[in-house]
$ cat entry.csv   # CSV, N, CA and C atoms
chain,number,residue,atom,x,y,z
A,93,PRO,N,3.7,24.3,-34.5
A,93,PRO,CA,4.5,25.4,-34.0
A,93,PRO,C,3.8,26.7,-34.1
A,94,ASP,N,4.2,27.7,-33.3
A,94,ASP,CA,3.6,29.0,-33.3
A,94,ASP,C,4.6,30.0,-34.0
A,95,TYR,N,5.2,29.6,-35.1
A,95,TYR,CA,6.1,30.5,-35.8
A,95,TYR,C,6.1,30.0,-37.3
A,96,ALA,N,6.8,30.9,-38.1
A,96,ALA,CA,7.0,30.6,-39.5
A,96,ALA,C,8.4,30.7,-39.8
A,97,TYR,N,8.9,29.9,-40.8
A,97,TYR,CA,10.2,30.0,-41.3
A,97,TYR,C,10.1,30.7,-42.7
A,98,CYS,N,11.1,31.5,-43.0
A,98,CYS,CA,11.1,32.2,-44.3
A,98,CYS,C,12.6,32.4,-44.7
A,99,HIS,N,12.9,32.1,-46.0
A,99,HIS,CA,14.2,32.4,-46.5
A,99,HIS,C,14.5,33.9,-46.4
A,100,LYS,N,15.7,34.2,-46.1
A,100,LYS,CA,16.2,35.6,-45.9
A,100,LYS,C,15.9,36.4,-47.1
A,101,LYS,N,16.0,35.9,-48.3
A,101,LYS,CA,15.7,36.7,-49.5
A,101,LYS,C,14.2,37.0,-49.7
A,102,GLN,N,13.4,36.2,-49.1
A,102,GLN,CA,11.9,36.4,-49.3
A,102,GLN,C,11.2,37.0,-48.1
A,103,ILE,N,11.9,37.4,-47.1
A,103,ILE,CA,11.2,37.8,-45.9
A,103,ILE,C,10.5,39.2,-46.1
A,104,SER,N,11.1,40.1,-46.9
A,104,SER,CA,10.4,41.3,-47.1
A,104,SER,C,9.1,41.1,-47.9
A,105,THR,N,9.1,40.2,-48.9
A,105,THR,CA,8.0,39.9,-49.7
A,105,THR,C,6.9,39.3,-48.8
A,106,LEU,N,7.3,38.3,-48.0
A,106,LEU,CA,6.3,37.7,-47.1
A,106,LEU,C,5.6,38.7,-46.2
A,107,ILE,N,6.4,39.6,-45.5
A,107,ILE,CA,5.9,40.6,-44.6
A,107,ILE,C,5.0,41.5,-45.3
A,108,ASP,N,5.4,42.0,-46.5
A,108,ASP,CA,4.5,42.9,-47.3
A,108,ASP,C,3.2,42.2,-47.7
A,109,ARG,N,3.2,41.0,-48.0
A,109,ARG,CA,2.0,40.3,-48.4
A,109,ARG,C,1.1,40.0,-47.2
A,110,MET,N,1.7,39.7,-46.0
A,110,MET,CA,0.9,39.5,-44.8
A,110,MET,C,0.3,40.9,-44.4
A,111,LYS,N,1.0,42.0,-44.5
A,111,LYS,CA,0.4,43.3,-44.2
A,111,LYS,C,-0.8,43.6,-45.1
A,112,HIS,N,-0.6,43.2,-46.3
A,112,HIS,CA,-1.7,43.4,-47.3
A,112,HIS,C,-3.0,42.6,-46.9
A,113,HIS,N,-2.8,41.4,-46.5
A,113,HIS,CA,-3.9,40.5,-46.2
A,113,HIS,C,-4.5,40.9,-44.9
A,114,ILE,N,-3.7,41.4,-43.9
A,114,ILE,CA,-4.3,41.9,-42.6
A,114,ILE,C,-5.2,43.0,-42.9
A,115,SER,N,-4.7,44.0,-43.8
A,115,SER,CA,-5.5,45.1,-44.2
A,115,SER,C,-6.8,44.7,-44.9
A,116,ASP,N,-6.7,43.7,-45.8
A,116,ASP,CA,-7.9,43.3,-46.5
A,116,ASP,C,-8.9,42.7,-45.6
A,117,MET,N,-8.4,42.0,-44.6
A,117,MET,CA,-9.4,41.3,-43.7
A,117,MET,C,-10.0,42.2,-42.6
A,118,TYR,N,-9.2,43.2,-42.1
A,118,TYR,CA,-9.6,44.0,-41.0
A,118,TYR,C,-9.6,45.5,-41.2
A,119,GLY,N,-9.3,45.9,-42.4
A,119,GLY,CA,-9.2,47.3,-42.7
A,119,GLY,C,-7.9,47.9,-42.3
A,120,GLU,N,-7.7,49.2,-42.5
A,120,GLU,CA,-6.5,49.9,-42.2
A,120,GLU,C,-6.2,50.0,-40.7
A,121,ASP,N,-7.3,49.9,-39.9
A,121,ASP,CA,-7.2,50.0,-38.4
A,121,ASP,C,-7.9,48.8,-37.8
A,122,PRO,N,-7.2,47.7,-37.6
A,122,PRO,CA,-7.9,46.5,-37.1
A,122,PRO,C,-8.6,46.7,-35.8
A,123,GLU,N,-8.1,47.7,-35.0
A,123,GLU,CA,-8.8,48.0,-33.7
A,123,GLU,C,-10.2,48.4,-33.9
A,124,GLN,N,-10.5,49.0,-35.0
A,124,GLN,CA,-11.9,49.5,-35.3
A,124,GLN,C,-12.8,48.4,-36.0
A,125,SER,N,-12.2,47.3,-36.3
A,125,SER,CA,-12.9,46.2,-37.0
A,125,SER,C,-13.8,45.4,-36.1
A,126,ASP,N,-15.0,45.2,-36.5
A,126,ASP,CA,-15.9,44.3,-35.8
A,126,ASP,C,-15.5,42.9,-35.9
A,127,CYS,N,-14.6,42.6,-36.9
A,127,CYS,CA,-14.3,41.2,-37.1
A,127,CYS,C,-13.0,40.7,-36.4
A,128,PHE,N,-12.4,41.7,-35.7
A,128,PHE,CA,-11.1,41.3,-35.0
A,128,PHE,C,-11.4,41.3,-33.5
A,129,ALA,N,-11.2,40.1,-32.9
A,129,ALA,CA,-11.5,39.9,-31.5
A,129,ALA,C,-10.5,40.5,-30.5
A,130,ARG,N,-10.9,40.6,-29.3
A,130,ARG,CA,-10.0,41.1,-28.2
A,130,ARG,C,-9.6,39.9,-27.4
A,131,ILE,N,-8.5,40.1,-26.6
A,131,ILE,CA,-8.0,39.0,-25.7
A,131,ILE,C,-9.0,38.8,-24.6
A,132,ILE,N,-9.2,37.6,-24.2
A,132,ILE,CA,-10.4,37.3,-23.3
A,132,ILE,C,-10.3,37.9,-21.9
A,133,ASN,N,-9.1,38.1,-21.4
A,133,ASN,CA,-9.0,38.7,-20.0
A,133,ASN,C,-7.6,39.3,-19.9
A,134,LYS,N,-7.5,40.1,-18.8
A,134,LYS,CA,-6.2,40.8,-18.5
A,134,LYS,C,-5.0,39.9,-18.3
A,135,ILE,N,-5.2,38.8,-17.7
A,135,ILE,CA,-4.1,37.8,-17.5
A,135,ILE,C,-3.5,37.4,-18.8
A,136,HIS,N,-4.3,37.0,-19.8
A,136,HIS,CA,-3.8,36.6,-21.1
A,136,HIS,C,-3.3,37.8,-21.9
A,137,TYR,N,-4.0,38.9,-21.8
A,137,TYR,CA,-3.6,40.1,-22.4
A,137,TYR,C,-2.2,40.5,-22.0
A,138,ASN,N,-1.9,40.5,-20.7
A,138,ASN,CA,-0.6,40.9,-20.2
A,138,ASN,C,0.5,39.9,-20.6
A,139,ARG,N,0.1,38.7,-20.6
A,139,ARG,CA,1.1,37.6,-21.0
A,139,ARG,C,1.5,37.8,-22.5
A,140,LEU,N,0.5,38.1,-23.3
A,140,LEU,CA,0.8,38.3,-24.7
A,140,LEU,C,1.5,39.6,-25.0
A,141,LYS,N,1.1,40.6,-24.3
A,141,LYS,CA,1.8,41.9,-24.5
A,141,LYS,C,3.3,41.8,-24.1
A,142,ALA,N,3.6,41.0,-23.1
A,142,ALA,CA,5.0,40.8,-22.7
A,142,ALA,C,5.8,40.0,-23.8
A,143,LEU,N,5.1,39.1,-24.5
A,143,LEU,CA,5.8,38.3,-25.5
A,143,LEU,C,6.3,39.2,-26.7
A,144,ILE,N,5.5,40.2,-27.0
A,144,ILE,CA,5.9,41.1,-28.1
A,144,ILE,C,7.3,41.6,-28.0
A,145,SER,N,7.8,41.8,-26.8
A,145,SER,CA,9.1,42.4,-26.7
A,145,SER,C,10.2,41.4,-26.9
A,146,ASP,N,9.9,40.2,-27.2
A,146,ASP,CA,10.9,39.1,-27.3
A,146,ASP,C,11.6,39.1,-28.7
A,147,GLY,N,11.3,40.1,-29.5
A,147,GLY,CA,11.8,40.2,-30.9
A,147,GLY,C,11.7,41.6,-31.4
A,148,THR,N,11.9,41.7,-32.7
A,148,THR,CA,11.7,43.0,-33.4
A,148,THR,C,10.3,43.0,-34.1
A,149,VAL,N,9.5,43.9,-33.6
A,149,VAL,CA,8.1,44.1,-34.2
A,149,VAL,C,8.3,44.8,-35.6
A,150,VAL,N,7.8,44.1,-36.6
A,150,VAL,CA,7.8,44.6,-38.0
A,150,VAL,C,6.5,45.0,-38.5
A,151,VAL,N,5.4,44.4,-37.9
A,151,VAL,CA,4.0,44.7,-38.2
A,151,VAL,C,3.3,44.8,-36.9
A,152,GLY,N,2.4,45.8,-36.8
A,152,GLY,CA,1.5,45.8,-35.6
A,152,GLY,C,2.3,46.2,-34.3
A,153,GLY,N,1.9,45.4,-33.3
A,153,GLY,CA,2.5,45.7,-32.0
A,153,GLY,C,1.7,46.7,-31.2
A,154,THR,N,0.6,47.2,-31.7
A,154,THR,CA,-0.2,48.1,-31.0
A,154,THR,C,-1.1,47.4,-30.0
A,155,THR,N,-1.2,48.0,-28.8
A,155,THR,CA,-2.0,47.5,-27.7
A,155,THR,C,-2.9,48.5,-27.1
A,156,ASN,N,-4.0,48.1,-26.5
A,156,ASN,CA,-4.9,49.0,-25.7
A,156,ASN,C,-5.2,48.3,-24.4
A,157,ASP,N,-4.7,48.8,-23.3
A,157,ASP,CA,-4.9,48.1,-22.0
A,157,ASP,C,-6.4,48.1,-21.6
A,158,GLU,N,-7.1,49.1,-22.0
A,158,GLU,CA,-8.5,49.2,-21.6
A,158,GLU,C,-9.4,48.2,-22.2
A,159,THR,N,-9.1,47.9,-23.5
A,159,THR,CA,-10.0,46.9,-24.2
A,159,THR,C,-9.3,45.6,-24.5
A,160,CYS,N,-8.1,45.4,-23.9
A,160,CYS,CA,-7.4,44.1,-24.1
A,160,CYS,C,-7.1,43.8,-25.6
A,161,TYR,N,-6.9,44.9,-26.4
A,161,TYR,CA,-6.6,44.8,-27.8
A,161,TYR,C,-5.1,44.6,-28.1
A,162,ILE,N,-4.8,43.7,-28.9
A,162,ILE,CA,-3.4,43.5,-29.5
A,162,ILE,C,-3.6,43.4,-31.0
A,163,SER,N,-3.0,44.3,-31.7
A,163,SER,CA,-3.1,44.2,-33.2
A,163,SER,C,-2.4,43.0,-33.7
A,164,PRO,N,-2.8,42.6,-35.0
A,164,PRO,CA,-2.1,41.5,-35.6
A,164,PRO,C,-0.6,41.9,-35.7
A,165,THR,N,0.2,41.1,-35.1
A,165,THR,CA,1.6,41.5,-34.9
A,165,THR,C,2.6,40.4,-35.5
A,166,ILE,N,3.6,40.9,-36.2
A,166,ILE,CA,4.6,40.0,-36.8
A,166,ILE,C,5.9,40.4,-36.1
A,167,VAL,N,6.6,39.4,-35.6
A,167,VAL,CA,7.9,39.7,-34.9
A,167,VAL,C,9.0,38.9,-35.6
A,168,THR,N,10.1,39.5,-35.9
A,168,THR,CA,11.3,38.9,-36.4
A,168,THR,C,12.4,38.8,-35.4
A,169,GLU,N,13.4,38.0,-35.7
A,169,GLU,CA,14.6,37.9,-34.8
A,169,GLU,C,14.3,37.6,-33.4
A,170,PRO,N,13.3,36.7,-33.1
A,170,PRO,CA,13.1,36.3,-31.7
A,170,PRO,C,14.2,35.4,-31.2
A,171,ALA,N,14.5,35.6,-29.9
A,171,ALA,CA,15.5,34.7,-29.3
A,171,ALA,C,14.9,33.3,-29.2
A,172,LEU,N,15.6,32.3,-29.6
A,172,LEU,CA,15.1,30.9,-29.6
A,172,LEU,C,14.7,30.4,-28.3
A,173,ASP,N,15.3,31.0,-27.2
A,173,ASP,CA,15.0,30.5,-25.9
A,173,ASP,C,14.0,31.5,-25.2
A,174,SER,N,13.4,32.4,-25.9
A,174,SER,CA,12.5,33.4,-25.3
A,174,SER,C,11.1,32.7,-25.1
A,175,LYS,N,10.3,33.3,-24.3
A,175,LYS,CA,8.9,32.8,-24.0
A,175,LYS,C,8.1,32.8,-25.3
A,176,LEU,N,8.4,33.8,-26.2
A,176,LEU,CA,7.7,33.8,-27.5
A,176,LEU,C,7.9,32.6,-28.3
A,177,MET,N,9.1,32.0,-28.2
A,177,MET,CA,9.4,30.8,-28.9
A,177,MET,C,9.2,29.5,-28.2
A,178,THR,N,9.1,29.5,-26.9
A,178,THR,CA,9.0,28.3,-26.1
A,178,THR,C,7.5,28.0,-25.5
A,179,ASP,N,6.7,29.1,-25.4
A,179,ASP,CA,5.4,29.0,-24.9
A,179,ASP,C,4.4,28.9,-26.0
A,180,GLU,N,3.2,28.4,-25.8
A,180,GLU,CA,2.1,28.5,-26.7
A,180,GLU,C,1.7,30.0,-26.7
A,181,ILE,N,1.4,30.5,-27.9
A,181,ILE,CA,1.0,31.9,-28.0
A,181,ILE,C,-0.5,32.2,-27.8
A,182,PHE,N,-1.3,31.5,-28.5
A,182,PHE,CA,-2.8,31.7,-28.4
A,182,PHE,C,-3.2,33.2,-28.5
A,183,GLY,N,-2.6,33.9,-29.5
A,183,GLY,CA,-2.9,35.3,-29.7
A,183,GLY,C,-2.5,35.8,-31.1
A,184,PRO,N,-2.7,37.0,-31.4
A,184,PRO,CA,-2.4,37.5,-32.8
A,184,PRO,C,-0.9,37.9,-33.0
A,185,ILE,N,0.0,37.1,-32.6
A,185,ILE,CA,1.4,37.3,-32.7
A,185,ILE,C,2.0,36.2,-33.5
A,186,LEU,N,2.8,36.5,-34.6
A,186,LEU,CA,3.5,35.5,-35.4
A,186,LEU,C,4.9,35.8,-35.4
A,187,PRO,N,5.8,35.0,-34.8
A,187,PRO,CA,7.2,35.1,-35.0
A,187,PRO,C,7.6,34.5,-36.3
A,188,ILE,N,8.6,35.2,-37.0
A,188,ILE,CA,9.1,34.6,-38.2
A,188,ILE,C,10.6,34.4,-38.0
A,189,LEU,N,11.1,33.2,-38.3
A,189,LEU,CA,12.5,32.9,-38.2
A,189,LEU,C,13.1,32.9,-39.7
A,190,GLU,N,14.2,33.5,-39.8
A,190,GLU,CA,14.9,33.5,-41.2
A,190,GLU,C,15.9,32.4,-41.3
A,191,TYR,N,16.1,31.9,-42.5
A,191,TYR,CA,17.1,31.0,-42.7
A,191,TYR,C,17.8,31.3,-44.1
A,192,GLU,N,19.0,30.9,-44.3
A,192,GLU,CA,19.7,31.1,-45.5
A,192,GLU,C,19.9,29.9,-46.4
A,193,ASP,N,20.1,28.8,-45.8
A,193,ASP,CA,20.4,27.6,-46.6
A,193,ASP,C,19.3,26.6,-46.5
$ encode --input "entry.csv" --output "structure tokens"
Amino acid sequence: PDYAYCHKKQISTLIDRMKHHISDMYGEDPEQSDCFARIINKIHYNRLKALISDGTVVVGGTTNDETCYISPTIVTEPALDSKLMTDEIFGPILPILEYED
């Protein structure tokens, strides 16, 4: 699957830790990192950029149309029938689904 499940009580902790690890790996501005790749072409870039709007962006969401850059992005509350949840992502976008029980 192209998503993660997290208990509602732990989601803030998970997101904070993921932000920390993204910063550790790519620095404060991943767009300036030599280690963070760009999307291979405009077709895939535009497809991925559209997926970001299928939920609430809690980390990242930054894009650059000229360089096909999409920052590491975490999305919560995606609609289960959205393209973000039904299509393969193949990009730096992670939807997180919350559960209570």
$ residues_around --input "entry.csv" --residues "A:Val151" --least-positions-apart "5" --cutoff "6.5 Å" --atoms "all atoms listed in the file" --output "PyMOL selection string"
chain A and resi 164-167
$ select_by_dssp --input "entry.csv" --residues "chain A" --states "strand (DSSP E or B)" --output "mmCIF file with N, CA and C atoms, in the coordinates of the input"
data_model
loop_
_atom_site.group_PDB
_atom_site.id
_atom_site.type_symbol
_atom_site.label_atom_id
_atom_site.label_comp_id
_atom_site.auth_asym_id
_atom_site.auth_seq_id
_atom_site.Cartn_x
_atom_site.Cartn_y
_atom_site.Cartn_z
ATOM 1 N N ALA A 96 6.800 30.900 -38.100
ATOM 2 C CA ALA A 96 7.000 30.600 -39.500
ATOM 3 C C ALA A 96 8.400 30.700 -39.800
ATOM 4 N N TYR A 97 8.900 29.900 -40.800
ATOM 5 C CA TYR A 97 10.200 30.000 -41.300
ATOM 6 C C TYR A 97 10.100 30.700 -42.700
ATOM 7 N N CYS A 98 11.100 31.500 -43.000
ATOM 8 C CA CYS A 98 11.100 32.200 -44.300
ATOM 9 C C CYS A 98 12.600 32.400 -44.700
ATOM 10 N N HIS A 99 12.900 32.100 -46.000
ATOM 11 C CA HIS A 99 14.200 32.400 -46.500
ATOM 12 C C HIS A 99 14.500 33.900 -46.400
ATOM 13 N N THR A 148 11.900 41.700 -32.700
ATOM 14 C CA THR A 148 11.700 43.000 -33.400
ATOM 15 C C THR A 148 10.300 43.000 -34.100
ATOM 16 N N VAL A 149 9.500 43.900 -33.600
ATOM 17 C CA VAL A 149 8.100 44.100 -34.200
ATOM 18 C C VAL A 149 8.300 44.800 -35.600
ATOM 19 N N VAL A 150 7.800 44.100 -36.600
ATOM 20 C CA VAL A 150 7.800 44.600 -38.000
ATOM 21 C C VAL A 150 6.500 45.000 -38.500
ATOM 22 N N VAL A 151 5.400 44.400 -37.900
ATOM 23 C CA VAL A 151 4.000 44.700 -38.200
ATOM 24 C C VAL A 151 3.300 44.800 -36.900
ATOM 25 N N THR A 155 -1.200 48.000 -28.800
ATOM 26 C CA THR A 155 -2.000 47.500 -27.700
ATOM 27 C C THR A 155 -2.900 48.500 -27.100
ATOM 28 N N ASN A 156 -4.000 48.100 -26.500
ATOM 29 C CA ASN A 156 -4.900 49.000 -25.700
ATOM 30 C C ASN A 156 -5.200 48.300 -24.400
ATOM 31 N N TYR A 161 -6.900 44.900 -26.400
ATOM 32 C CA TYR A 161 -6.600 44.800 -27.800
ATOM 33 C C TYR A 161 -5.100 44.600 -28.100
ATOM 34 N N ILE A 162 -4.800 43.700 -28.900
ATOM 35 C CA ILE A 162 -3.400 43.500 -29.500
ATOM 36 C C ILE A 162 -3.600 43.400 -31.000
ATOM 37 N N THR A 165 0.200 41.100 -35.100
ATOM 38 C CA THR A 165 1.600 41.500 -34.900
ATOM 39 C C THR A 165 2.600 40.400 -35.500
ATOM 40 N N ILE A 166 3.600 40.900 -36.200
ATOM 41 C CA ILE A 166 4.600 40.000 -36.800
ATOM 42 C C ILE A 166 5.900 40.400 -36.100
ATOM 43 N N VAL A 167 6.600 39.400 -35.600
ATOM 44 C CA VAL A 167 7.900 39.700 -34.900
ATOM 45 C C VAL A 167 9.000 38.900 -35.600
ATOM 46 N N THR A 168 10.100 39.500 -35.900
ATOM 47 C CA THR A 168 11.300 38.900 -36.400
ATOM 48 C C THR A 168 12.400 38.800 -35.400
ATOM 49 N N ILE A 185 0.000 37.100 -32.600
ATOM 50 C CA ILE A 185 1.400 37.300 -32.700
ATOM 51 C C ILE A 185 2.000 36.200 -33.500
ATOM 52 N N LEU A 186 2.800 36.500 -34.600
ATOM 53 C CA LEU A 186 3.500 35.500 -35.400
ATOM 54 C C LEU A 186 4.900 35.800 -35.400
ATOM 55 N N PRO A 187 5.800 35.000 -34.800
ATOM 56 C CA PRO A 187 7.200 35.100 -35.000
ATOM 57 C C PRO A 187 7.600 34.500 -36.300
ATOM 58 N N ILE A 188 8.600 35.200 -37.000
ATOM 59 C CA ILE A 188 9.100 34.600 -38.200
ATOM 60 C C ILE A 188 10.600 34.400 -38.000
ATOM 61 N N LEU A 189 11.100 33.200 -38.300
ATOM 62 C CA LEU A 189 12.500 32.900 -38.200
ATOM 63 C C LEU A 189 13.100 32.900 -39.700
ATOM 64 N N GLU A 190 14.200 33.500 -39.800
ATOM 65 C CA GLU A 190 14.900 33.500 -41.200
ATOM 66 C C GLU A 190 15.900 32.400 -41.300
ATOM 67 N N TYR A 191 16.100 31.900 -42.500
ATOM 68 C CA TYR A 191 17.100 31.000 -42.700
ATOM 69 C C TYR A 191 17.800 31.300 -44.100
#
$ closest_residue --input "entry.csv" --among "A:Ser115, A:Met110, A:Ile131, A:Arg139" --to "A:Tyr161" --atoms "all atoms listed in the file"
A:Ile131
$ atom_distance --input "entry.csv" --atom1 "atom CA of A:Thr168" --atom2 "atom CA of A:Arg130"
22.9 Å
$ atom_distance --input "entry.csv" --atom1 "atom N of A:Tyr97" --atom2 "atom C of A:Leu189"
5.3 Å
$ select_by_dssp --input "entry.csv" --residues "chain A" --states "alpha helix (DSSP H)" --output "ChimeraX atom specification"
/A:103-118,134-143,175-178
$ residues_around --input "entry.csv" --residues "stretch 100-109 of chain A" --least-positions-apart "2" --cutoff "7 Å" --atoms "only C-alpha atoms" --output "MDAnalysis selection string"
chainID A and resid 98 111:113 190:192
$ closest_residue --input "entry.csv" --among "A:Asp157, A:Asp116, A:Asp179, A:Asp193" --to "A:Lys134" --atoms "only C-alpha atoms"
A:Asp157
$ build_atoms --input "entry.csv" --residues "stretch 134-152 of chain A" --atoms "N, CA, C and O atoms" --output "tab-separated table (two decimals), keeping the file's coordinate frame"
chain	number	residue	atom	x	y	z
A	134	LYS	N	-7.50	40.10	-18.80
A	134	LYS	CA	-6.20	40.80	-18.50
A	134	LYS	C	-5.00	39.90	-18.30
A	134	LYS	O	-3.90	40.27	-18.69
A	135	ILE	N	-5.20	38.80	-17.70
A	135	ILE	CA	-4.10	37.80	-17.50
A	135	ILE	C	-3.50	37.40	-18.80
A	135	ILE	O	-2.28	37.50	-19.02
A	136	HIS	N	-4.30	37.00	-19.80
A	136	HIS	CA	-3.80	36.60	-21.10
A	136	HIS	C	-3.30	37.80	-21.90
A	136	HIS	O	-2.30	37.66	-22.56
A	137	TYR	N	-4.00	38.90	-21.80
A	137	TYR	CA	-3.60	40.10	-22.40
A	137	TYR	C	-2.20	40.50	-22.00
A	137	TYR	O	-1.28	40.74	-22.83
A	138	ASN	N	-1.90	40.50	-20.70
A	138	ASN	CA	-0.60	40.90	-20.20
A	138	ASN	C	0.50	39.90	-20.60
A	138	ASN	O	1.62	40.32	-20.86
A	139	ARG	N	0.10	38.70	-20.60
A	139	ARG	CA	1.10	37.60	-21.00
A	139	ARG	C	1.50	37.80	-22.50
A	139	ARG	O	2.68	37.84	-22.81
A	140	LEU	N	0.50	38.10	-23.30
A	140	LEU	CA	0.80	38.30	-24.70
A	140	LEU	C	1.50	39.60	-25.00
A	140	LEU	O	2.45	39.61	-25.80
A	141	LYS	N	1.10	40.60	-24.30
A	141	LYS	CA	1.80	41.90	-24.50
A	141	LYS	C	3.30	41.80	-24.10
A	141	LYS	O	4.12	42.35	-24.82
A	142	ALA	N	3.60	41.00	-23.10
A	142	ALA	CA	5.00	40.80	-22.70
A	142	ALA	C	5.80	40.00	-23.80
A	142	ALA	O	6.97	40.29	-24.02
A	143	LEU	N	5.10	39.10	-24.50
A	143	LEU	CA	5.80	38.30	-25.50
A	143	LEU	C	6.30	39.20	-26.70
A	143	LEU	O	7.25	38.85	-27.35
A	144	ILE	N	5.50	40.20	-27.00
A	144	ILE	CA	5.90	41.10	-28.10
A	144	ILE	C	7.30	41.60	-28.00
A	144	ILE	O	7.97	41.81	-29.05
A	145	SER	N	7.80	41.80	-26.80
A	145	SER	CA	9.10	42.40	-26.70
A	145	SER	C	10.20	41.40	-26.90
A	145	SER	O	11.41	41.77	-26.75
A	146	ASP	N	9.90	40.20	-27.20
A	146	ASP	CA	10.90	39.10	-27.30
A	146	ASP	C	11.60	39.10	-28.70
A	146	ASP	O	12.28	38.16	-29.03
A	147	GLY	N	11.30	40.10	-29.50
A	147	GLY	CA	11.80	40.20	-30.90
A	147	GLY	C	11.70	41.60	-31.40
A	147	GLY	O	11.35	42.50	-30.69
A	148	THR	N	11.90	41.70	-32.70
A	148	THR	CA	11.70	43.00	-33.40
A	148	THR	C	10.30	43.00	-34.10
A	148	THR	O	10.01	42.19	-34.93
A	149	VAL	N	9.50	43.90	-33.60
A	149	VAL	CA	8.10	44.10	-34.20
A	149	VAL	C	8.30	44.80	-35.60
A	149	VAL	O	8.77	45.87	-35.68
A	150	VAL	N	7.80	44.10	-36.60
A	150	VAL	CA	7.80	44.60	-38.00
A	150	VAL	C	6.50	45.00	-38.50
A	150	VAL	O	6.32	45.71	-39.48
A	151	VAL	N	5.40	44.40	-37.90
A	151	VAL	CA	4.00	44.70	-38.20
A	151	VAL	C	3.30	44.80	-36.90
A	151	VAL	O	3.44	43.88	-36.06
A	152	GLY	N	2.40	45.80	-36.80
A	152	GLY	CA	1.50	45.80	-35.60
A	152	GLY	C	2.30	46.20	-34.30
A	152	GLY	O	3.04	47.10	-34.28
